[in-house]
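Take a look at the structure below.
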Amino acid sequence: MTSHGSATECGAAGHPLGELTALDTADGSLSLQSSHFSEAFHSSAGALAEAKAKFVAPAQLERFQSGTPLRVLDVCVGLGYNSAALMEALPLDAPPQLQWWGLELDPRPLALALGHQGFNAQWSAPVLARLEALRDRGHWDAEDGSDGSMLWGDARQELHKLPSDLELDLILMDAFSPSHCPELWSEEFLGGLAQKLAPGGRLLTYSRAASIRGSLQRAGLELRSLLPAPGQRKEWSSGTMAHRLIQGHPLADSGPGWQGLSLMEIEHLHTRASIPYRDPTGRDPAASIQQRRRNEQQCCALESTSSWQRRWRGLASPSTVSKPLAAQ
């Protein structure tokens, strides 16, 4: 990534993400760095490439027929790449009827992206108009009946403002890494997301952490491993797809952008790394959630993660381009 420094409107004072620094990623697309979380919004391989590989391809949008609902929740909208890439991938003729919701804490990333000429040039006029409407009004609607609404604030509370009977087809989960933002990777929050999935619905995330996969599995979802984005180093996994089964319709072991979990990944789910982040009230600060997990790891009888890593040495090395994973 290449840093361009901070614009004055990116200042840290009073903002939950701290100072935001503009970055160029390998595919030329814009990303940002948050000083509060000490992380970039995307891998160095490319913001747009990551969105297409980890959120659009495994969504299999061809499953959704013309005029039928496509209900999407984007958790941590950020600059808007994931949803914009998904919208661009929908067919121009007879698309499904998109019903979209977004959860986001800080309005600055989307506003900064829409002030960047290179970012705007990546999208068609209709998609760009939707992003601008979200920035300006927090809502967009179209003549075909599609609509979208942004819920600004702590996603743990905003999640409860979604319609109680909502059943989602896709959840795009792109929060900062579990070790830096455990609030949005807790057993309780992930369980709440899983409850919103319709039969056949999919939660997609860059995270391959055993703590996250374990929480999704306990929430009744079936797991698959995501393949790397173009330009990203091939590893044992580049993310997770969690699927709500339809009775009598098993999910294929492999598909566009995903494959089945390897034996190494399955064993990972039985190590101390699988101890979840817990946030019973949905309001605890990051430090409390992290300490609670450390205490539980120290007392558990599960295999140590270092032992698992030694057994699979050479395959379990950390990536130099993936987002950081939870402390294991």
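If you're wondering about the labels, chains in the structure tokens are A, B, ... by order shown, residues count from 1 in each chain, ligands from 1 in order shown.
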
Skipping near chain neighbours, those fewer than 4 positions away, what residues fall within 9 Å of Leu261 in chain A using only C-alpha atoms, listed as a PDB file with all heavy atoms, in the first residue's frame?
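Wrote it out as selection.pdb, contents follow:
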ATOM      1  N   LEU A 223     -19.746 -24.381   7.391  1.00  0.00           N
ATOM      2  CA  LEU A 223     -18.593 -23.564   7.025  1.00  0.00           C
ATOM      3  C   LEU A 223     -17.930 -24.010   5.728  1.00  0.00           C
ATOM      4  O   LEU A 223     -17.841 -25.204   5.448  1.00  0.00           O
ATOM      5  CB  LEU A 223     -17.550 -23.597   8.146  1.00  0.00           C
ATOM      6  CG  LEU A 223     -18.016 -23.200   9.542  1.00  0.00           C
ATOM      7  CD1 LEU A 223     -16.868 -23.324  10.529  1.00  0.00           C
ATOM      8  CD2 LEU A 223     -18.591 -21.781   9.557  1.00  0.00           C
ATOM      9  N   ARG A 224     -17.439 -23.025   4.984  1.00  0.00           N
ATOM     10  CA  ARG A 224     -16.562 -23.242   3.845  1.00  0.00           C
ATOM     11  C   ARG A 224     -15.411 -22.243   3.939  1.00  0.00           C
ATOM     12  O   ARG A 224     -15.510 -21.210   4.588  1.00  0.00           O
ATOM     13  CB  ARG A 224     -17.308 -23.065   2.517  1.00  0.00           C
ATOM     14  CG  ARG A 224     -18.413 -24.079   2.273  1.00  0.00           C
ATOM     15  CD  ARG A 224     -17.870 -25.466   2.034  1.00  0.00           C
ATOM     16  NE  ARG A 224     -18.917 -26.412   1.675  1.00  0.00           N
ATOM     17  CZ  ARG A 224     -19.609 -27.149   2.553  1.00  0.00           C
ATOM     18  NH1 ARG A 224     -19.363 -27.021   3.850  1.00  0.00           N
ATOM     19  NH2 ARG A 224     -20.533 -27.989   2.145  1.00  0.00           N
ATOM     20  N   SER A 225     -14.319 -22.545   3.257  1.00  0.00           N
ATOM     21  CA  SER A 225     -13.118 -21.722   3.284  1.00  0.00           C
ATOM     22  C   SER A 225     -13.022 -20.909   1.995  1.00  0.00           C
ATOM     23  O   SER A 225     -13.177 -21.462   0.899  1.00  0.00           O
ATOM     24  CB  SER A 225     -11.890 -22.622   3.442  1.00  0.00           C
ATOM     25  OG  SER A 225     -10.724 -21.874   3.646  1.00  0.00           O
ATOM     26  N   SER A 237      -6.221 -20.589   3.993  1.00  0.00           N
ATOM     27  CA  SER A 237      -7.564 -20.025   3.878  1.00  0.00           C
ATOM     28  C   SER A 237      -7.454 -18.521   3.729  1.00  0.00           C
ATOM     29  O   SER A 237      -6.514 -17.910   4.230  1.00  0.00           O
ATOM     30  CB  SER A 237      -8.416 -20.362   5.103  1.00  0.00           C
ATOM     31  OG  SER A 237      -9.698 -19.767   5.005  1.00  0.00           O
ATOM     32  N   ASP A 253     -19.287 -28.913  -1.769  1.00  0.00           N
ATOM     33  CA  ASP A 253     -18.032 -28.752  -1.042  1.00  0.00           C
ATOM     34  C   ASP A 253     -17.189 -27.622  -1.614  1.00  0.00           C
ATOM     35  O   ASP A 253     -16.431 -26.981  -0.889  1.00  0.00           O
ATOM     36  CB  ASP A 253     -17.224 -30.060  -1.076  1.00  0.00           C
ATOM     37  CG  ASP A 253     -17.786 -31.107  -0.133  1.00  0.00           C
ATOM     38  OD1 ASP A 253     -18.501 -30.741   0.815  1.00  0.00           O
ATOM     39  OD2 ASP A 253     -17.513 -32.302  -0.349  1.00  0.00           O
ATOM     40  N   GLU A 265      -7.804 -27.112   9.032  1.00  0.00           N
ATOM     41  CA  GLU A 265      -8.773 -26.121   9.490  1.00  0.00           C
ATOM     42  C   GLU A 265      -9.758 -26.718  10.483  1.00  0.00           C
ATOM     43  O   GLU A 265     -10.155 -26.058  11.453  1.00  0.00           O
ATOM     44  CB  GLU A 265      -9.516 -25.538   8.293  1.00  0.00           C
ATOM     45  CG  GLU A 265      -8.641 -24.695   7.385  1.00  0.00           C
ATOM     46  CD  GLU A 265      -9.363 -24.262   6.142  1.00  0.00           C
ATOM     47  OE1 GLU A 265      -9.362 -25.021   5.162  1.00  0.00           O
ATOM     48  OE2 GLU A 265      -9.936 -23.152   6.151  1.00  0.00           O
ATOM     49  N   ILE A 266     -10.154 -27.946  10.261  1.00  0.00           N
ATOM     50  CA  ILE A 266     -11.070 -28.607  11.192  1.00  0.00           C
ATOM     51  C   ILE A 266     -10.402 -28.779  12.550  1.00  0.00           C
ATOM     52  O   ILE A 266     -11.015 -28.532  13.613  1.00  0.00           O
ATOM     53  CB  ILE A 266     -11.521 -29.961  10.622  1.00  0.00           C
ATOM     54  CG1 ILE A 266     -12.397 -29.730   9.376  1.00  0.00           C
ATOM     55  CG2 ILE A 266     -12.291 -30.768  11.676  1.00  0.00           C
ATOM     56  CD1 ILE A 266     -12.696 -30.992   8.601  1.00  0.00           C
TER      57      ILE A 266
END

message: If you run DSSP on the backbone here, which positions in range 114-231 of chain A get alpha helix (DSSP H)? Please write them as JSON, numbers by chain.
response: {"A": [114, 117, 118, 119, 120, 125, 126, 127, 128, 129, 130, 131, 132, 133, 134, 135, 136, 137, 155, 156, 157, 158, 187, 188, 189, 190, 191, 192, 193, 194, 195, 210, 211, 212, 213, 214, 215, 216, 217, 218]}

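Closest approach to Gly138 in chain A among A:Ala155, A:Ser207, A:Leu103, A:Ser164 is made by A:Leu103 (distances from only C-alpha atoms).
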
Gly239 in chain A proximity check over A:Glu222, A:Asp24, A:Glu50, A:Asp141, using only C-alpha atoms: winner is A:Glu50

Range 161-247 of chain A near range 26-38 of chain A within 12 Å: what's each residue's closest atom pair and its distance in Å to one decimal, counting only C-alpha atoms, ordered by chain then ascending residue number, as CSV?
residue,atom,partner,partner_atom,distance
A:Ala175,CA,A:Phe37,CA,10.6
A:Phe176,CA,A:Phe37,CA,7.4
A:Ser177,CA,A:Phe37,CA,8.8
A:Pro178,CA,A:Phe37,CA,10.6
A:Ser179,CA,A:Phe37,CA,9.6
A:His180,CA,A:Phe37,CA,6.0
A:Cys181,CA,A:Phe37,CA,7.4
A:Pro182,CA,A:Phe37,CA,11.1
A:Ala229,CA,A:Asp27,CA,10.9
A:Pro230,CA,A:Asp27,CA,9.3
A:Gly231,CA,A:Ala26,CA,8.0
A:Gln232,CA,A:Ala26,CA,9.7

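Among the candidate residues A:Gln117, A:Ser66, A:Gln157, A:Ser304, the one lying nearest to Glu188 in chain A is A:Gln157, with distances computed using only C-alpha atoms.
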